[in-house]
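Engineer: My structure file run-v3.cif, mmCIF, C-alpha atoms and all ligand atoms, is below:
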```
data_my_file
#
loop_
_atom_site.label_atom_id
_atom_site.label_comp_id
_atom_site.auth_asym_id
_atom_site.auth_seq_id
_atom_site.Cartn_x
_atom_site.Cartn_y
_atom_site.Cartn_z
CA MET A 402 214.35 -122.77 33.83
CA LEU A 403 211.67 -120.48 35.17
CA LEU A 404 212.76 -116.91 35.81
CA GLU A 405 211.73 -117.25 39.46
CA ASN A 406 214.36 -119.99 39.91
CA PHE A 407 217.20 -117.87 38.56
CA ARG A 408 219.84 -117.46 41.30
CA PRO A 409 222.78 -115.59 39.79
CA GLN A 410 225.71 -115.55 42.22
CA SER A 411 227.77 -112.36 42.06
CA LYS A 412 231.39 -113.03 41.21
CA LEU A 413 232.53 -109.63 42.40
CA VAL A 414 235.48 -109.81 44.73
CA THR A 415 234.68 -107.03 47.19
CA LYS A 416 234.94 -106.72 50.94
CA THR A 417 232.31 -107.83 53.44
CA THR A 418 232.35 -105.93 56.72
CA LEU A 419 230.55 -107.58 59.61
CA VAL A 420 229.18 -104.92 61.94
CA ASN A 421 228.03 -106.84 64.98
CA GLN A 422 227.55 -103.79 67.17
CA PRO A 423 226.67 -100.29 65.98
CA LYS A 424 229.38 -97.65 66.36
CA PHE A 425 227.06 -95.60 68.63
CA PRO A 426 223.94 -96.45 70.68
CA VAL A 427 220.80 -96.87 68.58
CA ILE A 428 217.14 -95.95 69.08
CA ASP A 429 214.79 -98.01 66.92
CA ALA A 430 212.03 -95.47 66.23
CA HIS A 431 209.89 -97.71 64.02
CA ASN A 432 209.21 -101.28 64.98
CA HIS A 433 206.59 -103.67 66.27
CA LEU A 434 206.26 -106.18 69.08
CA GLY A 435 202.83 -107.79 68.64
CA GLU A 436 201.37 -109.72 65.72
CA PRO A 437 201.52 -109.74 62.73
CA PHE A 438 204.62 -107.54 62.26
CA GLY A 439 206.41 -107.73 65.58
CA GLY A 440 206.97 -111.43 66.08
CA GLY A 441 204.56 -111.74 69.02
CA TRP A 442 207.04 -110.57 71.67
CA ASP A 443 204.11 -109.68 73.92
CA LYS A 444 203.79 -113.45 74.52
CA LYS A 445 207.48 -114.09 75.29
CA PRO A 446 209.54 -113.35 78.41
CA LEU A 447 210.75 -109.75 78.46
CA GLY A 448 214.27 -110.78 79.51
CA GLU A 449 214.76 -112.56 76.21
CA LEU A 450 213.89 -109.39 74.29
CA LEU A 451 216.13 -107.19 76.45
CA ASP A 452 219.06 -109.55 75.92
CA LEU A 453 218.53 -109.39 72.16
CA LEU A 454 218.29 -105.59 72.17
CA ASP A 455 221.45 -105.35 74.29
CA GLU A 456 223.29 -107.60 71.88
CA ALA A 457 222.06 -105.47 68.97
CA GLY A 458 223.06 -102.19 70.65
CA ILE A 459 219.45 -100.92 70.78
CA THR A 460 218.99 -98.73 73.84
CA HIS A 461 215.40 -97.73 73.14
CA TYR A 462 212.60 -99.26 71.09
CA VAL A 463 209.35 -97.76 69.75
CA ASP A 464 206.57 -100.34 69.61
CA LEU A 465 203.86 -99.13 67.22
CA ASP A 466 201.47 -101.93 68.15
CA GLY A 467 199.50 -100.34 71.00
CA GLY A 468 196.42 -100.33 68.76
CA TRP A 469 193.24 -98.53 69.78
CA GLY A 470 191.53 -100.74 72.33
CA GLU A 471 192.40 -100.55 76.00
CA ASP A 472 193.15 -104.27 76.05
CA ILE A 473 196.06 -104.29 73.59
CA LEU A 474 197.47 -100.94 74.68
CA ASP A 475 197.31 -101.93 78.34
CA SER A 476 198.85 -105.34 77.73
CA HIS A 477 201.78 -103.80 75.82
CA LEU A 478 202.25 -101.10 78.44
CA LYS A 479 202.22 -103.69 81.18
CA HIS A 480 204.49 -106.20 79.48
CA PHE A 481 207.12 -103.86 78.00
CA LYS A 482 206.84 -100.41 79.51
CA GLU A 483 206.33 -101.46 83.13
CA GLY A 484 209.01 -104.11 82.82
CA ALA A 485 211.65 -101.74 81.43
CA PRO A 486 210.33 -98.15 81.36
CA GLU A 487 213.52 -96.61 79.99
CA ARG A 488 213.71 -99.04 77.04
CA PHE A 489 210.30 -98.70 75.38
CA GLN A 490 207.69 -96.32 74.02
CA ILE A 491 204.28 -97.66 73.00
CA PHE A 492 202.23 -95.84 70.33
CA GLY A 493 198.44 -95.95 70.13
CA GLY A 494 196.17 -95.64 67.10
CA VAL A 495 192.80 -94.56 65.66
CA ASN A 496 189.91 -97.00 65.29
CA TRP A 497 188.63 -95.86 61.89
CA SER A 498 185.89 -98.51 61.77
CA LYS A 499 183.96 -96.46 64.34
CA TRP A 500 183.36 -93.74 61.74
CA GLN A 501 180.62 -95.83 60.15
CA THR A 502 178.53 -95.99 63.31
CA MET A 503 179.47 -92.70 64.99
CA GLY A 504 178.99 -90.50 61.92
CA GLU A 505 179.84 -86.81 62.36
CA ALA A 506 180.81 -87.29 65.99
CA PHE A 507 183.72 -89.56 65.00
CA PRO A 508 186.65 -87.08 64.74
CA GLU A 509 186.01 -85.50 68.17
CA TRP A 510 185.53 -88.94 69.67
CA ALA A 511 188.81 -90.14 68.14
CA ALA A 512 190.56 -87.06 69.55
CA ARG A 513 189.18 -87.84 73.00
CA ARG A 514 190.44 -91.39 72.63
CA LEU A 515 193.93 -89.98 72.08
CA ARG A 516 193.71 -88.18 75.40
CA ALA A 517 192.63 -91.40 77.09
CA GLN A 518 195.48 -93.30 75.44
CA LYS A 519 198.01 -90.74 76.61
CA GLU A 520 196.64 -90.93 80.16
CA ARG A 521 197.13 -94.69 80.11
CA GLY A 522 200.75 -94.26 78.96
CA ALA A 523 200.82 -94.11 75.15
CA GLN A 524 203.61 -91.83 73.91
CA GLY A 525 202.72 -91.40 70.25
CA LEU A 526 200.18 -92.10 67.54
CA LYS A 527 200.67 -94.58 64.69
CA ILE A 528 198.65 -93.96 61.53
CA TRP A 529 198.56 -97.10 59.39
CA LYS A 530 198.37 -97.20 55.63
CA PRO A 531 194.59 -97.64 55.24
CA LEU A 532 194.12 -93.85 55.57
CA GLY A 533 193.78 -92.62 52.00
CA LEU A 534 193.16 -96.14 50.67
CA HIS A 535 190.50 -97.97 52.67
CA VAL A 536 189.22 -95.68 55.45
CA GLU A 537 185.62 -94.63 54.81
CA ASP A 538 183.33 -92.05 56.38
CA GLN A 539 179.75 -92.67 57.51
CA ASN A 540 178.57 -92.41 53.90
CA GLY A 541 180.98 -95.08 52.69
CA ARG A 542 183.18 -92.53 50.87
CA ARG A 543 186.94 -92.91 50.85
CA VAL A 544 188.61 -90.38 53.14
CA ASP A 545 191.60 -88.34 51.93
CA VAL A 546 194.69 -88.10 54.13
CA ASP A 547 194.18 -84.31 54.47
CA ASP A 548 190.39 -84.47 55.03
CA GLU A 549 189.54 -81.40 57.12
CA ARG A 550 187.07 -83.31 59.26
CA LEU A 551 190.04 -85.02 60.90
CA ILE A 552 191.62 -81.77 62.11
CA PRO A 553 190.69 -82.45 65.79
CA ILE A 554 192.80 -85.62 65.78
CA TRP A 555 195.96 -83.92 64.50
CA GLU A 556 195.53 -80.80 66.64
CA THR A 557 194.96 -82.90 69.76
CA ALA A 558 198.08 -84.96 69.05
CA GLY A 559 200.04 -81.69 68.82
CA GLU A 560 198.51 -80.31 71.99
CA LEU A 561 199.30 -83.53 73.88
CA GLY A 562 202.84 -83.63 72.49
CA LEU A 563 202.24 -87.02 70.86
CA PRO A 564 204.37 -87.49 67.73
CA VAL A 565 202.43 -88.95 64.80
CA LEU A 566 204.25 -91.70 62.91
CA ILE A 567 202.40 -91.94 59.62
CA HIS A 568 202.62 -94.34 56.70
CA VAL A 569 200.61 -93.67 53.55
CA ALA A 570 200.53 -95.09 50.04
CA ASP A 571 204.08 -96.36 49.43
CA PRO A 572 205.72 -98.05 47.57
CA VAL A 573 204.95 -96.42 44.23
CA ALA A 574 204.92 -99.62 42.17
CA PHE A 575 201.98 -100.98 44.19
CA PHE A 576 199.87 -98.39 42.31
CA ASP A 577 201.03 -99.50 38.87
CA PRO A 578 199.47 -102.26 36.78
CA VAL A 579 200.68 -105.66 37.96
CA ASP A 580 202.46 -106.70 34.78
CA GLU A 581 205.92 -107.60 33.52
CA THR A 582 207.15 -104.01 33.99
CA ASN A 583 206.24 -103.81 37.69
CA GLU A 584 209.42 -103.81 39.82
CA ARG A 585 207.45 -105.20 42.79
CA TRP A 586 205.83 -107.95 40.77
CA GLU A 587 207.13 -110.81 42.92
CA GLU A 588 206.22 -109.08 46.18
CA ILE A 589 202.69 -108.32 44.99
CA GLY A 590 202.43 -111.93 43.81
CA GLY A 591 202.96 -113.02 47.41
CA HIS A 592 200.51 -110.41 48.74
CA PRO A 593 197.86 -109.65 46.12
CA ASP A 594 196.04 -107.39 48.61
CA TRP A 595 199.04 -105.02 48.53
CA ALA A 596 198.24 -103.95 44.96
CA PHE A 597 196.46 -100.58 44.84
CA THR A 598 196.32 -100.19 41.11
CA SER A 599 194.90 -96.82 40.21
CA PRO A 600 192.03 -96.70 39.29
CA PRO A 601 190.09 -97.79 41.30
CA PHE A 602 192.47 -96.58 44.01
CA PRO A 603 193.53 -92.92 44.05
CA PRO A 604 196.81 -92.16 42.28
CA PHE A 605 199.95 -92.43 44.41
CA MET A 606 200.67 -88.69 44.14
CA HIS A 607 197.13 -87.77 45.22
CA ILE A 608 197.81 -89.53 48.53
CA LEU A 609 201.34 -88.13 48.89
CA ASN A 610 200.15 -84.59 48.23
CA GLY A 611 197.52 -85.17 50.92
CA LEU A 612 200.32 -86.04 53.35
CA ARG A 613 202.18 -82.86 52.40
CA ASN A 614 199.05 -80.73 52.96
CA LEU A 615 198.36 -82.45 56.27
CA VAL A 616 201.83 -81.97 57.72
CA GLY A 617 202.03 -78.40 56.38
CA ARG A 618 198.68 -77.49 57.92
CA HIS A 619 199.45 -78.67 61.49
CA ARG A 620 202.73 -77.00 62.32
CA LYS A 621 202.44 -77.66 66.05
CA THR A 622 202.17 -81.41 65.56
CA MET A 623 205.32 -83.49 65.02
CA PHE A 624 204.99 -85.96 62.17
CA ILE A 625 207.36 -88.77 61.25
CA GLY A 626 207.03 -90.05 57.68
CA ALA A 627 207.51 -93.81 57.79
CA HIS A 628 209.76 -95.66 55.35
CA ALA A 629 211.86 -92.74 54.03
CA GLY A 630 208.89 -90.37 54.09
CA CYS A 631 206.64 -92.80 52.17
CA TYR A 632 208.54 -92.03 48.96
CA GLY A 633 211.99 -93.60 49.12
CA GLU A 634 211.98 -93.79 45.33
CA ASN A 635 212.10 -89.99 45.10
CA LEU A 636 214.37 -88.45 47.71
CA GLY A 637 214.20 -85.09 45.93
CA TRP A 638 210.49 -84.92 46.68
CA VAL A 639 211.03 -86.03 50.30
CA GLY A 640 213.70 -83.35 50.70
CA GLN A 641 211.33 -80.66 49.43
CA MET A 642 208.74 -81.71 51.99
CA LEU A 643 211.36 -81.62 54.75
CA ASP A 644 212.33 -78.12 53.57
CA GLU A 645 208.72 -76.94 53.70
CA CYS A 646 207.74 -78.56 56.99
CA PRO A 647 209.96 -78.03 60.04
CA ASN A 648 207.57 -80.27 62.03
CA TYR A 649 208.43 -83.25 59.82
CA SER A 650 211.04 -86.00 60.15
CA ILE A 651 211.35 -89.36 58.45
CA ASP A 652 212.40 -92.84 59.45
CA ILE A 653 214.39 -95.20 57.24
CA SER A 654 212.66 -98.41 58.26
CA ALA A 655 212.27 -101.21 55.70
CA ARG A 656 213.70 -99.08 52.89
CA LEU A 657 217.30 -100.23 52.71
CA GLY A 658 216.46 -101.56 49.26
CA GLU A 659 215.37 -98.13 48.05
CA LEU A 660 218.08 -96.08 49.74
CA GLY A 661 220.88 -98.49 48.92
CA ARG A 662 220.16 -98.76 45.20
CA GLN A 663 220.73 -94.99 44.85
CA PRO A 664 223.76 -94.71 47.15
CA TYR A 665 225.15 -91.40 45.83
CA THR A 666 221.80 -89.63 46.13
CA ALA A 667 221.05 -91.30 49.46
CA ARG A 668 224.40 -90.35 50.98
CA LYS A 669 223.97 -86.72 49.97
CA PHE A 670 220.41 -86.82 51.32
CA PHE A 671 221.56 -88.18 54.70
CA ILE A 672 224.20 -85.47 54.96
CA GLN A 673 221.85 -82.65 53.90
CA TYR A 674 219.01 -83.79 56.18
CA GLN A 675 221.14 -85.23 58.97
CA ASP A 676 218.96 -83.58 61.65
CA ARG A 677 215.69 -85.00 60.30
CA ILE A 678 216.30 -88.72 59.79
CA LEU A 679 215.47 -91.38 62.40
CA PHE A 680 216.73 -94.93 62.53
CA GLY A 681 214.03 -97.62 62.38
CA SER A 682 214.05 -101.21 61.18
CA ASP A 683 210.40 -102.37 61.08
CA LEU A 684 211.61 -105.98 60.97
CA SER A 685 210.73 -106.96 64.55
CA PRO A 686 213.72 -107.40 66.89
CA ASP A 687 216.13 -109.35 64.70
CA LEU A 688 219.87 -109.40 65.24
CA ASP A 689 220.80 -110.17 61.63
CA ALA A 690 218.48 -107.45 60.30
CA TYR A 691 219.97 -104.87 62.65
CA ARG A 692 223.47 -105.84 61.59
CA LEU A 693 222.51 -105.34 57.96
CA TYR A 694 221.33 -101.81 58.77
CA TYR A 695 224.60 -101.05 60.55
CA ARG A 696 226.59 -102.39 57.62
CA PHE A 697 224.55 -100.24 55.25
CA LEU A 698 224.90 -97.03 57.25
CA GLU A 699 228.50 -97.43 58.44
CA THR A 700 230.48 -99.15 55.69
CA ASP A 701 231.35 -98.63 52.05
CA ASP A 702 230.70 -102.28 51.23
CA GLU A 703 229.34 -102.69 47.73
CA TYR A 704 226.59 -104.70 46.12
CA PHE A 705 225.12 -106.76 48.96
CA ASN A 706 221.70 -108.20 49.72
CA TYR A 707 219.53 -105.75 51.66
CA ASN A 708 217.49 -108.60 53.17
CA THR A 709 218.32 -111.51 55.42
CA SER A 710 216.50 -113.84 53.00
CA GLU A 711 218.26 -115.20 49.91
CA ILE A 712 215.86 -113.45 47.52
CA PRO A 713 215.46 -109.86 48.70
CA GLY A 714 211.76 -109.28 49.31
CA GLN A 715 211.24 -105.89 47.69
CA GLY A 716 212.94 -106.60 44.38
CA ARG A 717 215.91 -108.52 43.00
CA TRP A 718 218.59 -105.90 43.29
CA TYR A 719 221.47 -105.30 45.72
CA VAL A 720 222.67 -102.22 47.60
CA CYS A 721 225.82 -100.27 48.47
CA GLY A 722 226.73 -98.88 51.89
CA LEU A 723 226.63 -95.15 52.73
CA TYR A 724 229.69 -94.92 55.03
CA LEU A 725 228.14 -92.00 56.91
CA PRO A 726 230.46 -89.69 58.83
CA ASP A 727 230.41 -90.22 62.62
CA ASP A 728 228.58 -86.99 63.45
CA VAL A 729 225.80 -87.85 60.97
CA LEU A 730 225.65 -91.43 62.20
CA LYS A 731 225.20 -90.32 65.82
CA LYS A 732 222.27 -88.11 64.85
CA VAL A 733 220.55 -90.78 62.75
CA TYR A 734 221.18 -93.51 65.31
CA SER A 735 219.78 -91.69 68.32
CA GLU A 736 220.10 -87.91 68.67
CA ASN A 737 217.30 -87.02 66.23
CA ALA A 738 214.96 -89.58 67.80
CA LYS A 739 215.68 -88.19 71.26
CA LYS A 740 214.40 -84.79 70.11
CA VAL A 741 211.32 -85.99 68.22
CA LEU A 742 210.30 -88.59 70.80
CA GLU A 743 211.23 -86.31 73.72
CA LEU A 744 213.40 -88.92 75.39
ZN ZN B 801 205.93 -100.71 60.59
#
```
Would it be possible to restate this file's structure as structure tokens?
Structural biologist:
Amino acid sequence: MLLENFRPQSKLVTKTTLVNQPKFPVIDAHNHLGEPFGGGWDKKPLGELLDLLDEAGITHYVDLDGGWGEDILDSHLKHFKEGAPERFQIFGGVNWSKWQTMGEAFPEWAARRLRAQKERGAQGLKIWKPLGLHVEDQNGRRVDVDDERLIPIWETAGELGLPVLIHVADPVAFFDPVDETNERWEEIGGHPDWAFTSPPFPPFMHILNGLRNLVGRHRKTMFIGAHAGCYGENLGWVGQMLDECPNYSIDISARLGELGRQPYTARKFFIQYQDRILFGSDLSPDLDAYRLYYRFLETDDEYFNYNTSEIPGQGRWYVCGLYLPDDVLKKVYSENAKKVLEL
């Protein structure tokens, strides 16, 4: 038998709690609606999506797929925001590829684009993972996350009151050699372009320290660290950054596997930082995925799959629920997002 065919079935006799509806209303602060991550909901009838969100108990949904061109942003604003203004926020982005042709004028131009996006209706800025890995300046040099030339972008976001949802670097194992010790070996096997083995890529901590400098330097700009602050493997480090930076929050999207395999640490973390953690799923609108999140946050169920697929995608381990107290749950489900997103 090949190791990849191994399907051990747990013989534990433990309880399974089905949580069909969350205990309190939920704001999904990190998700997508276009392609490739959002399931292409911009091409489907809006009523279908609203029914699904109602069934899942999601009152408000942040769509990070506004992109940087007027066409995509406008089409998402028209399809979702105009159709149900109280249910959606659409985030815009930065078109890094323009740096090559615009040269030194790029950062100010990108900042002006933010203003234009806000005027059209964008309510936040999504920074995708290429910053720190692939983004290059006009000389073809890799740009650090805290590069000072980009200050106009971050200051303008703060001035406009646009929260910046940023994802850099993570997960850690993508930076390790892809060998038999790599805990993401199977996942990287399915997506070889997700390996950022260092060198030639910068070390993981170089990028994370850049994030810490960036957020610490722009105190008037609200930042949300995607996926448990881009370092779900090290909640102590994430907590330190939250301590240092009052303008920083995190979302928990797509990191059930990380949080749930360290349930004691994660539970303490949620209680200590209960005012700084936002719910997000990142799995497109999916009823079963939402229910898994609710089970994880609300119950003390033990040792269950953190994915809806048979083989969990981020590694072959299982998770335990955090059974968060009601007051913490309410904050994580919606109250913290209301503050950060100014809803
Ligand atoms: Zn995402």
Engineer: Quick one: pull the distance between atom CA of Gly525 of chain A and atom CA of Trp595 of chain A, Å, one decimal.
Structural biologist: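 It comes out at 25.9 Å.
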Engineer: Would you list the residues that come within 8 Å of ligand ZN 801 (chain B)? Count all atoms listed in the file and give the answer as a ChimeraX atom specification.
Structural biologist: /A:431-433,438,465,627,654,683-684
Engineer: So that I have them on file, write out the residues from the current selection with C-alpha atoms, as a compact mmCIF listing (two decimals), in the frame of the given file.
Structural biologist:
```
# COMPACT_ATOMS: atom_id res chain seq x y z
CA HIS A 431 209.89 -97.71 64.02
CA ASN A 432 209.21 -101.28 64.98
CA HIS A 433 206.59 -103.67 66.27
CA PHE A 438 204.62 -107.54 62.26
CA LEU A 465 203.86 -99.13 67.22
CA ALA A 627 207.51 -93.81 57.79
CA SER A 654 212.66 -98.41 58.26
CA ASP A 683 210.40 -102.37 61.08
CA LEU A 684 211.61 -105.98 60.97
```
Engineer: Rounded to one decimal, what separation in Å do you get between atom CA of Glu487 of chain A and atom CA of Gly562 of chain A?
Structural biologist: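 So the answer is 18.4 Å.
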Engineer: Please tell me which residues are no farther than 10 Å from (208.4, -78.3, 57.2) in the file, counting only C-alpha atoms, and write them as a ChimeraX atom specification.
Structural biologist: /A:613,616-620,623-624,640-650
Engineer: Taking a cut-off of 6 Å and counting all atoms listed in the file, can you build a table that, for each residue of segment 432-506 of chain A near segment 537-544 of chain A, reports the nearest atom pair and how far apart they are in Å (one decimal), sorted by chain then residue number, as CSV?
Structural biologist:
```
residue,atom,partner,partner_atom,distance
A:Trp500,CA,A:Asp538,CA,5.6
A:Gln501,CA,A:Gln539,CA,4.2
A:Gly504,CA,A:Gln539,CA,5.0
```
Engineer: Hey, which of A:Arg488, A:Lys732, A:Lys527, A:His461 ends up closest to Phe671 of chain A? Count all atoms listed in the file.
Structural biologist: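 Using all atoms listed in the file, Phe671 of chain A sits closest to A:Lys732.
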Engineer: May I ask for the distance between atom CA of Leu563 of chain A and atom CA of Ile459 of chain A, given in Å to one decimal place?
Structural biologist: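 Interatomic distance here is 22.1 Å.
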Engineer: In file coordinates, which residues lie within 9 Å of (216.9, -100.5, 46.2) using all atoms listed in the file, given as a ChimeraX atom specification?
Structural biologist: /A:633-634,656-663,707,715-720
Engineer: So that I can check the surroundings of Leu693 of chain A, please list as a ChimeraX atom specification every protein, DNA and RNA residue that reaches within 10 Å of it, counting only C-alpha atoms and ignoring chain neighbours fewer than 3 positions away.
Structural biologist: /A:418-421,657,682,688-690,696-699,705-709,722
Engineer: Within 10 Å of Lys740 of chain A, counting all atoms listed in the file, which residues qualify if same-chain residues fewer than 5 places away don't, as JSON, numbers by chain?
Structural biologist: {"A": [676, 677, 735]}
Engineer: What lies within 9 Å of Gln524 of chain A using all atoms listed in the file, ignoring chain neighbours under 3 positions off, as a ChimeraX atom specification?
Structural biologist: /A:490-493,518-519,562-564,742
Engineer: So that I can check the surroundings of Arg585 of chain A, please list as a CSV table (one decimal) with C-alpha atoms, in the frame of the given file every protein, DNA and RNA residue that reaches within 9 Å of it, counting all atoms listed in the file and ignoring chain neighbours fewer than 5 positions away.
Structural biologist:
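Now in around_27.csv:
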```
chain,number,residue,atom,x,y,z
A,572,PRO,CA,205.7,-98.0,47.6
A,574,ALA,CA,204.9,-99.6,42.2
A,575,PHE,CA,202.0,-101.0,44.2
A,579,VAL,CA,200.7,-105.7,38.0
A,590,GLY,CA,202.4,-111.9,43.8
A,714,GLY,CA,211.8,-109.3,49.3
A,715,GLN,CA,211.2,-105.9,47.7
A,716,GLY,CA,212.9,-106.6,44.4
```
Engineer: Just checking: using all atoms listed in the file, which residue out of A:Asn737, A:Ser710, A:Thr557, A:Ser685 ends up closest to Glu436 of chain A?
Structural biologist: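 Counting all atoms listed in the file, the residue closest to Glu436 of chain A is A:Ser685.
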Engineer: Find the spatial neighbours of Val639 of chain A, counting only C-alpha atoms, within a cut-off of 8 Å - ignore same-chain residues fewer than 5 positions away - and output them as a CSV table (one decimal) with C-alpha atoms, in the coordinates of the input.
Structural biologist:
```csv
chain,number,residue,atom,x,y,z
A,629,ALA,CA,211.9,-92.7,54.0
A,630,GLY,CA,208.9,-90.4,54.1
A,632,TYR,CA,208.5,-92.0,49.0
A,633,GLY,CA,212.0,-93.6,49.1
```
Engineer: Between A:Glu711, A:Asp455, A:Asp464, A:Asp548, which one has atoms that come closest to Gly439 of chain A, using all atoms listed in the file?
Structural biologist: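 Of A:Glu711, A:Asp455, A:Asp464, A:Asp548, the one nearest Gly439 of chain A is A:Asp464, counting all atoms listed in the file.
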